[in-house]
Each structure stands twice: as C-alpha cells, then as structure tokens.
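The next block holds one structure in the form of structure tokens; read it before the comments.
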Amino acid sequence: LHSFKYTSQPGRYVYAKVRKGVKCYGDFMLARDFEYIARVPEFPKELKIMADGAILSMSGEKKLSLVSRDVDAIRFQIGRVIPNQINHLVSQSGGDIKLPEFTNWNFGEENIAEIFSEIRPLNKLEYGKTQYSSFDLSGYLATDLGAGKRGLFFFNAEGWDPVRKVPTGISDKRLILVTDLGIVVKNSKNGARDVFVQSIHSGQPAAAAQVQVLGKNGIPVFSEATDDGGHARRRRQ
C-alpha cells in the first residue's frame, strides 16, 4: 500500500504519474505507467449550531456557539416569540421542541414573533479550515426599562455572500428558551399532575412561581403559584 499527501487549492488540477515496476502487497508489479488527472474539489461548506440543547440560563452567558467552514459571512435572524402568542406556536407547529415545524404554509415565525436580522463577516481562513464563532443574545434581552426579556427565540444562522448579498444555501436553526426556571411534571395515580419548579442557577425550589396551562385560544385553564417547595398541583378535572 502506497500513499502520499498533497495540498492544493480547490479548482486546480493535479497530475499524478506512477511509473511501471512499482511493487505492491503480494509482490505484484505495475506492468505499465499509470497516469491520472483530477480536479481538486471544493471542501463542503458547513455552518452548524454546536450545542444540541435549547435552553440558555439567565444567570449564565447568553451565547450560542457555531462552527463553520469556508463561510465568508453569517446572516443571523432572531425572532422573539410574543408572550401572548405562545398558544399559536403550540397549536400551529409540531416536531421537536428545539426545532418545531409549522404545519400551515401560510403561518410561520413572522406571525408570532418580533423579527431582527444582522449580518456578521467572518475572518478569512485557508480553504477547509474550521472556524468557531459565537452569537450573544444579551442585546435582544435588555429593554429600555432595564428589565430582562425572557422567553422563546427563533434563532436562524445562514451562510451569506457579502459580495452578491444573497444566502449561500447552508443554514441551521433552533428554538431557544431563555429562562432561569426548570420544570418537572409528574402524573399521579389519581389523575392529578404535580409540577415542580426550581432555579437553574441555584438548584433551589422556586417559590411563588406562576404555573399556567393555556388553552388553544390562549386563555389559562389552570393557574396556581408554587409553594415554598416549588410545588403546584393540578387536580383531575
């Protein structure tokens, strides 16, 4: 087995010649010269959100890490789901919570969210080199009053051609929940549902947290504050 490595730029041509008489495994000998011309292919472009999760803690860095290859710029689109539109998100979409798909072609993110967009150029590296970057959501959480904007965010990152000003066709997206509350729901034998709420930052029960179950029309069908143990119960109707 013979091998060698040669680095070339994509789009160029490589000419390889192996002279006759070369021996290989089993003492087989090359009977005649072998010649081959190949065009160096482009590296596959890549752009992905690195983490698989869908939760950012309010007490930690609100940054999403991305990995890219041969991408000149990234266009970010951020859609903050309007709080009173969450019921439509649930009723009009399906699939994984971190990557929901809308079931109606005439209904999408723009119907239930505030949409923001920005383009960020990346450093120019050698072809095929992997590049890591991050996006900070903090700027989309602060308000003029200084209060934090928590909630659900549609996050979409797509490759962008800064010269032609068009998408390059590669993208990744995620539904991100920014919160400091973790929830566990347990079903009891008597049909009741016990909800336990805790702080992600401290791990302690969250008292006085408002727990609501929304109907399709957005009106709460159940509402109760948690006790000192972070517990609320919805009894069987």
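Letters A, B, ... go to the chains of the structure tokens in the order shown; residues in each chain start at 1; ligands are counted from 1 in the same order.
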So which residues of chain A fall under helix (DSSP H, G or I) by DSSP, listed as number ranges by chain?
A: 83-91, 109-111, 137-140
For A:Ala209, list every protein, DNA or RNA residue within 8 Å, evaluated using only C-alpha atoms, and leave out those in the same chain fewer than 3 positions away; present the list as JSON, numbers by chain.
{"A": [197, 206, 225, 226, 230]}
Atom CA of A:Gly26 and atom CA of A:Val14 are how many Å apart?
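Here the two named atoms are 28.8 Å from each other.
Pairwise distance (atom CA of A:Phe222, atom CA of A:Asn84) equals 15.7 Å.
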At a cut-off of 12 Å, using only C-alpha atoms, what residues contact stretch 106-119 of chain A? Leave out same-chain residues fewer than 3 positions from it and give the result as a short mmCIF file (atom, residue, chain, number, x, y, z; two decimals) with all heavy atoms, in the first residue's frame.
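Wrote it out as selection.cif, contents follow:
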data_model
loop_
_atom_site.label_atom_id
_atom_site.label_comp_id
_atom_site.auth_asym_id
_atom_site.auth_seq_id
_atom_site.Cartn_x
_atom_site.Cartn_y
_atom_site.Cartn_z
N ASP A 72 -17.97 33.05 4.32
CA ASP A 72 -17.44 34.41 4.39
C ASP A 72 -18.19 35.27 5.42
O ASP A 72 -17.59 36.14 6.05
CB ASP A 72 -17.52 35.09 3.02
CG ASP A 72 -16.61 34.42 2.00
OD1 ASP A 72 -15.54 33.93 2.41
OD2 ASP A 72 -16.99 34.36 0.82
N ALA A 73 -19.48 35.04 5.55
CA ALA A 73 -20.29 35.83 6.48
C ALA A 73 -21.52 35.02 6.89
O ALA A 73 -21.90 34.05 6.22
CB ALA A 73 -20.71 37.16 5.86
N ILE A 74 -22.09 35.40 8.01
CA ILE A 74 -23.29 34.73 8.52
C ILE A 74 -24.39 35.77 8.71
O ILE A 74 -24.15 36.84 9.28
CB ILE A 74 -23.03 34.02 9.86
CG1 ILE A 74 -21.90 33.00 9.74
CG2 ILE A 74 -24.29 33.34 10.36
CD1 ILE A 74 -21.52 32.33 11.04
N ARG A 75 -25.57 35.44 8.21
CA ARG A 75 -26.73 36.29 8.50
C ARG A 75 -27.54 35.63 9.61
O ARG A 75 -27.96 34.49 9.49
CB ARG A 75 -27.61 36.49 7.27
CG ARG A 75 -28.80 37.41 7.56
CD ARG A 75 -29.56 37.80 6.32
NE ARG A 75 -30.34 36.69 5.79
CZ ARG A 75 -31.25 36.81 4.82
NH1 ARG A 75 -31.45 38.01 4.27
NH2 ARG A 75 -31.90 35.76 4.37
N PHE A 76 -27.72 36.36 10.70
CA PHE A 76 -28.50 35.88 11.83
C PHE A 76 -29.89 36.49 11.78
O PHE A 76 -30.05 37.69 11.55
CB PHE A 76 -27.82 36.26 13.16
CG PHE A 76 -26.47 35.65 13.36
CD1 PHE A 76 -25.31 36.38 13.12
CD2 PHE A 76 -26.35 34.33 13.79
CE1 PHE A 76 -24.07 35.81 13.32
CE2 PHE A 76 -25.11 33.75 13.97
CZ PHE A 76 -23.96 34.50 13.74
N GLN A 77 -30.88 35.64 12.02
CA GLN A 77 -32.25 36.10 12.15
C GLN A 77 -32.77 35.63 13.51
O GLN A 77 -32.74 34.43 13.80
CB GLN A 77 -33.13 35.58 11.02
CG GLN A 77 -32.85 36.26 9.68
CD GLN A 77 -33.82 35.83 8.60
OE1 GLN A 77 -34.11 34.65 8.45
NE2 GLN A 77 -34.32 36.79 7.84
N ILE A 78 -33.21 36.59 14.30
CA ILE A 78 -33.70 36.30 15.64
C ILE A 78 -35.16 36.72 15.73
O ILE A 78 -35.50 37.85 15.41
CB ILE A 78 -32.86 37.05 16.71
CG1 ILE A 78 -31.38 36.71 16.57
CG2 ILE A 78 -33.35 36.71 18.12
CD1 ILE A 78 -30.61 37.68 15.73
N GLY A 79 -35.99 35.80 16.16
CA GLY A 79 -37.41 36.10 16.31
C GLY A 79 -37.85 35.84 17.75
O GLY A 79 -37.84 34.69 18.19
N ARG A 80 -38.19 36.89 18.47
CA ARG A 80 -38.66 36.74 19.85
C ARG A 80 -40.16 36.48 19.83
O ARG A 80 -40.94 37.31 19.37
CB ARG A 80 -38.35 37.98 20.69
CG ARG A 80 -38.88 37.88 22.12
CD ARG A 80 -38.51 39.12 22.93
NE ARG A 80 -39.06 39.02 24.28
CZ ARG A 80 -40.25 39.51 24.63
NH1 ARG A 80 -40.99 40.14 23.75
NH2 ARG A 80 -40.69 39.39 25.87
N VAL A 81 -40.56 35.31 20.32
CA VAL A 81 -41.98 34.95 20.33
C VAL A 81 -42.72 35.87 21.29
O VAL A 81 -42.34 36.02 22.45
CB VAL A 81 -42.17 33.48 20.75
CG1 VAL A 81 -43.66 33.12 20.80
CG2 VAL A 81 -41.44 32.55 19.79
N ILE A 82 -43.77 36.52 20.80
CA ILE A 82 -44.58 37.40 21.63
C ILE A 82 -45.28 36.55 22.68
O ILE A 82 -45.88 35.52 22.36
CB ILE A 82 -45.60 38.16 20.76
CG1 ILE A 82 -44.86 38.96 19.69
CG2 ILE A 82 -46.47 39.08 21.62
CD1 ILE A 82 -45.77 39.57 18.65
N PRO A 83 -45.18 36.93 23.97
CA PRO A 83 -45.70 36.08 25.05
C PRO A 83 -47.14 35.62 24.87
O PRO A 83 -47.46 34.46 25.14
CB PRO A 83 -45.54 36.96 26.29
CG PRO A 83 -44.37 37.84 25.97
CD PRO A 83 -44.48 38.12 24.50
N ASN A 84 -48.02 36.49 24.39
CA ASN A 84 -49.42 36.08 24.25
C ASN A 84 -49.69 35.31 22.96
O ASN A 84 -50.84 35.07 22.61
CB ASN A 84 -50.35 37.30 24.34
CG ASN A 84 -50.08 38.33 23.26
OD1 ASN A 84 -49.29 38.10 22.34
ND2 ASN A 84 -50.72 39.48 23.37
N GLN A 85 -48.62 34.92 22.24
CA GLN A 85 -48.77 34.12 21.03
C GLN A 85 -48.23 32.70 21.20
O GLN A 85 -48.17 31.94 20.23
CB GLN A 85 -48.02 34.80 19.87
CG GLN A 85 -48.56 36.17 19.50
CD GLN A 85 -49.96 36.09 18.90
OE1 GLN A 85 -50.25 35.20 18.11
NE2 GLN A 85 -50.82 37.03 19.27
N ILE A 86 -47.84 32.34 22.42
CA ILE A 86 -47.27 31.01 22.64
C ILE A 86 -48.28 29.91 22.31
O ILE A 86 -47.91 28.84 21.80
CB ILE A 86 -46.77 30.89 24.10
CG1 ILE A 86 -45.58 31.80 24.32
CG2 ILE A 86 -46.39 29.45 24.43
CD1 ILE A 86 -45.01 31.78 25.72
N ASN A 87 -49.55 30.16 22.57
CA ASN A 87 -50.57 29.15 22.26
C ASN A 87 -50.61 28.85 20.77
O ASN A 87 -50.84 27.71 20.35
CB ASN A 87 -51.95 29.61 22.73
CG ASN A 87 -52.36 30.95 22.15
OD1 ASN A 87 -51.65 31.94 22.30
ND2 ASN A 87 -53.50 30.99 21.50
N HIS A 88 -50.36 29.85 19.92
CA HIS A 88 -50.34 29.61 18.47
C HIS A 88 -49.10 28.83 18.06
O HIS A 88 -49.13 28.04 17.11
CB HIS A 88 -50.39 30.95 17.73
CG HIS A 88 -51.71 31.65 17.88
ND1 HIS A 88 -51.81 32.99 18.17
CD2 HIS A 88 -52.98 31.19 17.80
CE1 HIS A 88 -53.08 33.33 18.25
NE2 HIS A 88 -53.81 32.25 18.02
N LEU A 89 -47.99 29.06 18.76
CA LEU A 89 -46.79 28.27 18.48
C LEU A 89 -47.05 26.79 18.72
O LEU A 89 -46.65 25.93 17.94
CB LEU A 89 -45.63 28.75 19.36
CG LEU A 89 -44.36 27.90 19.36
CD1 LEU A 89 -43.73 27.89 17.97
CD2 LEU A 89 -43.36 28.41 20.39
N VAL A 90 -47.76 26.49 19.82
CA VAL A 90 -48.04 25.10 20.16
C VAL A 90 -49.05 24.48 19.20
O VAL A 90 -48.89 23.36 18.73
CB VAL A 90 -48.54 25.01 21.61
CG1 VAL A 90 -48.94 23.57 21.95
CG2 VAL A 90 -47.48 25.50 22.58
N SER A 91 -50.12 25.23 18.88
CA SER A 91 -51.20 24.66 18.08
C SER A 91 -50.88 24.61 16.59
O SER A 91 -51.46 23.80 15.86
CB SER A 91 -52.49 25.46 18.30
OG SER A 91 -52.33 26.81 17.85
N GLN A 92 -49.94 25.45 16.11
CA GLN A 92 -49.67 25.52 14.68
C GLN A 92 -48.35 24.88 14.28
O GLN A 92 -47.92 25.02 13.13
CB GLN A 92 -49.66 26.99 14.24
CG GLN A 92 -50.95 27.72 14.45
CD GLN A 92 -52.09 27.14 13.64
OE1 GLN A 92 -51.93 26.79 12.46
NE2 GLN A 92 -53.26 27.00 14.25
N SER A 93 -47.70 24.19 15.20
CA SER A 93 -46.42 23.56 14.86
C SER A 93 -46.35 22.17 15.48
O SER A 93 -47.15 21.79 16.34
CB SER A 93 -45.25 24.42 15.36
OG SER A 93 -45.23 24.47 16.78
N PRO A 100 -39.15 23.13 15.94
CA PRO A 100 -40.53 22.91 15.53
C PRO A 100 -40.74 23.23 14.05
O PRO A 100 -40.04 24.08 13.47
CB PRO A 100 -41.33 23.87 16.42
CG PRO A 100 -40.36 24.97 16.72
CD PRO A 100 -39.01 24.32 16.80
N GLU A 101 -41.68 22.56 13.45
CA GLU A 101 -42.04 22.79 12.05
C GLU A 101 -43.51 23.21 12.00
O GLU A 101 -44.38 22.54 12.55
CB GLU A 101 -41.83 21.52 11.21
CG GLU A 101 -40.39 21.05 11.14
CD GLU A 101 -39.50 21.99 10.32
OE1 GLU A 101 -40.08 22.77 9.52
OE2 GLU A 101 -38.27 21.93 10.49
N PHE A 102 -43.78 24.32 11.33
CA PHE A 102 -45.14 24.80 11.22
C PHE A 102 -45.92 23.94 10.23
O PHE A 102 -45.42 23.56 9.17
CB PHE A 102 -45.16 26.27 10.79
CG PHE A 102 -44.72 27.21 11.88
CD1 PHE A 102 -43.41 27.66 11.94
CD2 PHE A 102 -45.61 27.62 12.86
CE1 PHE A 102 -42.99 28.51 12.95
CE2 PHE A 102 -45.20 28.48 13.87
CZ PHE A 102 -43.89 28.93 13.91
N THR A 103 -47.15 23.63 10.59
CA THR A 103 -47.98 22.72 9.79
C THR A 103 -48.78 23.45 8.72
O THR A 103 -49.33 22.82 7.83
CB THR A 103 -48.96 21.97 10.71
OG1 THR A 103 -49.73 22.91 11.48
CG2 THR A 103 -48.19 21.06 11.69
N LEU A 122 -16.94 37.00 8.72
CA LEU A 122 -16.01 36.13 9.43
C LEU A 122 -14.59 36.34 8.91
O LEU A 122 -14.39 36.87 7.81
CB LEU A 122 -16.41 34.65 9.25
CG LEU A 122 -17.78 34.25 9.77
CD1 LEU A 122 -18.04 32.77 9.48
CD2 LEU A 122 -17.91 34.52 11.26
N PHE A 135 -22.61 33.82 19.05
CA PHE A 135 -23.60 34.90 18.94
C PHE A 135 -24.16 35.16 20.32
O PHE A 135 -24.62 34.24 21.00
CB PHE A 135 -24.73 34.52 17.97
CG PHE A 135 -25.70 35.64 17.72
CD1 PHE A 135 -25.48 36.56 16.72
CD2 PHE A 135 -26.84 35.78 18.51
CE1 PHE A 135 -26.37 37.60 16.49
CE2 PHE A 135 -27.73 36.81 18.30
CZ PHE A 135 -27.50 37.73 17.29
N LEU A 137 -26.92 36.68 22.67
CA LEU A 137 -28.32 37.10 22.67
C LEU A 137 -28.61 38.20 23.68
O LEU A 137 -29.75 38.68 23.75
CB LEU A 137 -29.22 35.89 23.00
CG LEU A 137 -29.68 35.02 21.84
CD1 LEU A 137 -30.45 33.82 22.36
CD2 LEU A 137 -30.55 35.80 20.87
N GLY A 139 -28.07 41.31 23.78
CA GLY A 139 -28.59 42.54 23.21
C GLY A 139 -30.06 42.49 22.89
O GLY A 139 -30.70 43.53 22.71
N TYR A 140 -30.60 41.30 22.79
CA TYR A 140 -32.02 41.15 22.48
C TYR A 140 -32.84 40.84 23.73
O TYR A 140 -34.05 40.60 23.64
CB TYR A 140 -32.21 40.04 21.44
CG TYR A 140 -31.54 40.36 20.14
CD1 TYR A 140 -30.24 39.94 19.88
CD2 TYR A 140 -32.17 41.13 19.17
CE1 TYR A 140 -29.60 40.26 18.70
CE2 TYR A 140 -31.56 41.44 17.98
CZ TYR A 140 -30.26 41.01 17.75
OH TYR A 140 -29.63 41.33 16.57
N GLY A 151 -37.90 34.40 27.52
CA GLY A 151 -38.88 33.76 26.67
C GLY A 151 -38.27 32.93 25.58
O GLY A 151 -37.13 32.47 25.67
N LEU A 152 -39.04 32.74 24.51
CA LEU A 152 -38.67 31.88 23.40
C LEU A 152 -38.14 32.71 22.23
O LEU A 152 -38.70 33.76 21.90
CB LEU A 152 -39.87 31.06 22.95
CG LEU A 152 -40.32 29.94 23.88
CD1 LEU A 152 -41.72 29.45 23.49
CD2 LEU A 152 -39.34 28.78 23.84
N PHE A 153 -37.07 32.20 21.61
CA PHE A 153 -36.46 32.89 20.48
C PHE A 153 -36.26 31.91 19.33
O PHE A 153 -35.67 30.85 19.52
CB PHE A 153 -35.12 33.51 20.87
CG PHE A 153 -35.21 34.68 21.80
CD1 PHE A 153 -35.35 34.48 23.16
CD2 PHE A 153 -35.16 35.97 21.32
CE1 PHE A 153 -35.44 35.55 24.03
CE2 PHE A 153 -35.25 37.05 22.18
CZ PHE A 153 -35.39 36.84 23.53
N PHE A 154 -36.73 32.27 18.16
CA PHE A 154 -36.34 31.56 16.95
C PHE A 154 -34.96 32.08 16.56
O PHE A 154 -34.76 33.28 16.40
CB PHE A 154 -37.32 31.82 15.80
CG PHE A 154 -38.68 31.23 16.01
CD1 PHE A 154 -39.77 32.04 16.32
CD2 PHE A 154 -38.88 29.86 15.89
CE1 PHE A 154 -41.02 31.49 16.50
CE2 PHE A 154 -40.14 29.31 16.07
CZ PHE A 154 -41.21 30.12 16.38
N PHE A 155 -34.01 31.17 16.41
CA PHE A 155 -32.65 31.56 16.06
C PHE A 155 -32.25 30.84 14.79
O PHE A 155 -32.26 29.62 14.71
CB PHE A 155 -31.68 31.21 17.20
CG PHE A 155 -30.26 31.59 16.92
CD1 PHE A 155 -29.83 32.89 17.09
CD2 PHE A 155 -29.34 30.64 16.48
CE1 PHE A 155 -28.51 33.25 16.84
CE2 PHE A 155 -28.03 30.99 16.22
CZ PHE A 155 -27.61 32.30 16.40
N ASN A 156 -31.90 31.63 13.77
CA ASN A 156 -31.54 31.06 12.47
C ASN A 156 -30.21 31.67 12.01
O ASN A 156 -30.04 32.89 12.03
CB ASN A 156 -32.61 31.34 11.43
CG ASN A 156 -32.28 30.71 10.08
OD1 ASN A 156 -32.10 29.50 9.98
ND2 ASN A 156 -32.20 31.53 9.04
N ALA A 157 -29.27 30.81 11.65
CA ALA A 157 -27.97 31.25 11.13
C ALA A 157 -27.80 30.66 9.73
O ALA A 157 -27.94 29.46 9.54
CB ALA A 157 -26.84 30.80 12.04
N GLU A 158 -27.50 31.51 8.75
CA GLU A 158 -27.33 31.03 7.38
C GLU A 158 -26.10 31.68 6.75
O GLU A 158 -25.75 32.83 7.04
CB GLU A 158 -28.57 31.31 6.54
CG GLU A 158 -28.93 32.77 6.38
CD GLU A 158 -30.16 32.98 5.52
OE1 GLU A 158 -30.57 32.02 4.85
OE2 GLU A 158 -30.72 34.09 5.53
N GLY A 159 -25.43 30.90 5.90
CA GLY A 159 -24.29 31.42 5.18
C GLY A 159 -24.69 32.57 4.27
O GLY A 159 -25.76 32.53 3.64
N TRP A 160 -23.82 33.59 4.17
CA TRP A 160 -24.17 34.80 3.43
C TRP A 160 -23.01 35.22 2.54
O TRP A 160 -21.85 35.21 2.95
CB TRP A 160 -24.51 35.92 4.41
CG TRP A 160 -25.00 37.19 3.77
CD1 TRP A 160 -24.28 38.33 3.57
CD2 TRP A 160 -26.30 37.44 3.24
NE1 TRP A 160 -25.06 39.28 2.96
CE2 TRP A 160 -26.30 38.77 2.75
CE3 TRP A 160 -27.47 36.69 3.16
CZ2 TRP A 160 -27.43 39.34 2.15
CZ3 TRP A 160 -28.59 37.26 2.58
CH2 TRP A 160 -28.58 38.56 2.09
N ASP A 161 -23.34 35.55 1.29
CA ASP A 161 -22.34 36.05 0.34
C ASP A 161 -22.33 37.57 0.43
O ASP A 161 -23.28 38.23 -0.02
CB ASP A 161 -22.69 35.61 -1.08
CG ASP A 161 -21.61 35.95 -2.09
OD1 ASP A 161 -20.88 36.94 -1.85
OD2 ASP A 161 -21.48 35.26 -3.11
N PRO A 162 -21.29 38.16 1.05
CA PRO A 162 -21.29 39.62 1.24
C PRO A 162 -21.13 40.41 -0.05
O PRO A 162 -21.43 41.61 -0.08
CB PRO A 162 -20.10 39.84 2.18
CG PRO A 162 -19.20 38.68 1.93
CD PRO A 162 -20.08 37.52 1.59
N LYS A 165 -24.63 39.57 -1.88
CA LYS A 165 -25.69 39.84 -0.90
C LYS A 165 -26.86 38.87 -1.04
O LYS A 165 -28.04 39.27 -1.09
CB LYS A 165 -26.17 41.29 -1.02
CG LYS A 165 -25.07 42.31 -0.77
CD LYS A 165 -25.60 43.71 -0.73
CE LYS A 165 -24.47 44.73 -0.56
NZ LYS A 165 -23.62 44.47 0.61
N VAL A 166 -26.52 37.59 -1.08
CA VAL A 166 -27.52 36.53 -1.17
C VAL A 166 -27.10 35.38 -0.26
O VAL A 166 -25.91 35.21 0.03
CB VAL A 166 -27.68 36.01 -2.62
CG1 VAL A 166 -28.25 37.09 -3.52
CG2 VAL A 166 -26.35 35.49 -3.15
N PRO A 167 -28.06 34.55 0.21
CA PRO A 167 -27.70 33.38 1.01
C PRO A 167 -26.93 32.37 0.17
O PRO A 167 -27.11 32.27 -1.05
CB PRO A 167 -29.06 32.82 1.45
CG PRO A 167 -30.03 33.95 1.27
CD PRO A 167 -29.52 34.74 0.12
N LEU A 175 -34.92 26.65 18.22
CA LEU A 175 -35.83 27.38 19.09
C LEU A 175 -35.19 27.42 20.46
O LEU A 175 -34.98 26.38 21.08
CB LEU A 175 -37.21 26.73 19.14
CG LEU A 175 -38.25 27.41 20.03
CD1 LEU A 175 -38.58 28.80 19.51
CD2 LEU A 175 -39.52 26.57 20.14
#
Please provide the set of residues having any atom within 12 Å of A:Arg236, restricted to only C-alpha atoms, with same-chain residues fewer than 6 positions apart removed, written as an mmCIF file with N, CA, C and O atoms, in the first residue's frame.
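In the end it all went to result.cif:
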data_model
loop_
_atom_site.group_PDB
_atom_site.id
_atom_site.type_symbol
_atom_site.label_atom_id
_atom_site.label_comp_id
_atom_site.auth_asym_id
_atom_site.auth_seq_id
_atom_site.Cartn_x
_atom_site.Cartn_y
_atom_site.Cartn_z
ATOM 1 N N ASN A 187 -47.166 12.747 36.742
ATOM 2 C CA ASN A 187 -48.556 12.315 36.733
ATOM 3 C C ASN A 187 -48.812 11.392 37.924
ATOM 4 O O ASN A 187 -48.114 10.399 38.103
ATOM 5 N N SER A 188 -49.804 11.730 38.726
ATOM 6 C CA SER A 188 -50.157 10.910 39.888
ATOM 7 C C SER A 188 -51.165 9.844 39.497
ATOM 8 O O SER A 188 -51.839 9.927 38.471
ATOM 9 N N LYS A 189 -51.279 8.809 40.327
ATOM 10 C CA LYS A 189 -52.226 7.721 40.049
ATOM 11 C C LYS A 189 -53.670 8.191 40.056
ATOM 12 O O LYS A 189 -54.525 7.623 39.377
ATOM 13 N N ASN A 190 -53.957 9.232 40.842
ATOM 14 C CA ASN A 190 -55.338 9.724 40.918
ATOM 15 C C ASN A 190 -55.692 10.690 39.794
ATOM 16 O O ASN A 190 -56.755 11.302 39.799
ATOM 17 N N GLY A 191 -54.785 10.863 38.822
ATOM 18 C CA GLY A 191 -55.056 11.722 37.672
ATOM 19 C C GLY A 191 -54.561 13.139 37.822
ATOM 20 O O GLY A 191 -54.620 13.925 36.862
ATOM 21 N N ALA A 192 -54.075 13.513 39.004
ATOM 22 C CA ALA A 192 -53.551 14.860 39.207
ATOM 23 C C ALA A 192 -52.156 14.974 38.603
ATOM 24 O O ALA A 192 -51.477 13.973 38.346
ATOM 25 N N ARG A 193 -51.743 16.197 38.382
ATOM 26 C CA ARG A 193 -50.407 16.458 37.859
ATOM 27 C C ARG A 193 -49.675 17.383 38.820
ATOM 28 O O ARG A 193 -50.166 18.460 39.150
ATOM 29 N N ASP A 194 -48.509 16.937 39.241
ATOM 30 C CA ASP A 194 -47.690 17.711 40.156
ATOM 31 C C ASP A 194 -46.576 18.394 39.376
ATOM 32 O O ASP A 194 -45.837 17.739 38.626
ATOM 33 N N PHE A 222 -55.805 26.729 33.806
ATOM 34 C CA PHE A 222 -55.310 26.440 35.148
ATOM 35 C C PHE A 222 -54.223 27.442 35.487
ATOM 36 O O PHE A 222 -53.367 27.771 34.659
#
What are the DSSP strand (DSSP E) residues of stretch 69-169 of chain A, as a PyMOL selection string?
chain A and resi 69+73-81+93-96+99-102+113-121+130-136+151-161+166-169
For A:Ser171, which residue among A:Asp52, A:Gly128, A:Lys45, A:Asn217 is the nearest when counting only C-alpha atoms?
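With only C-alpha atoms as the atom set, the closest residue is A:Lys45.
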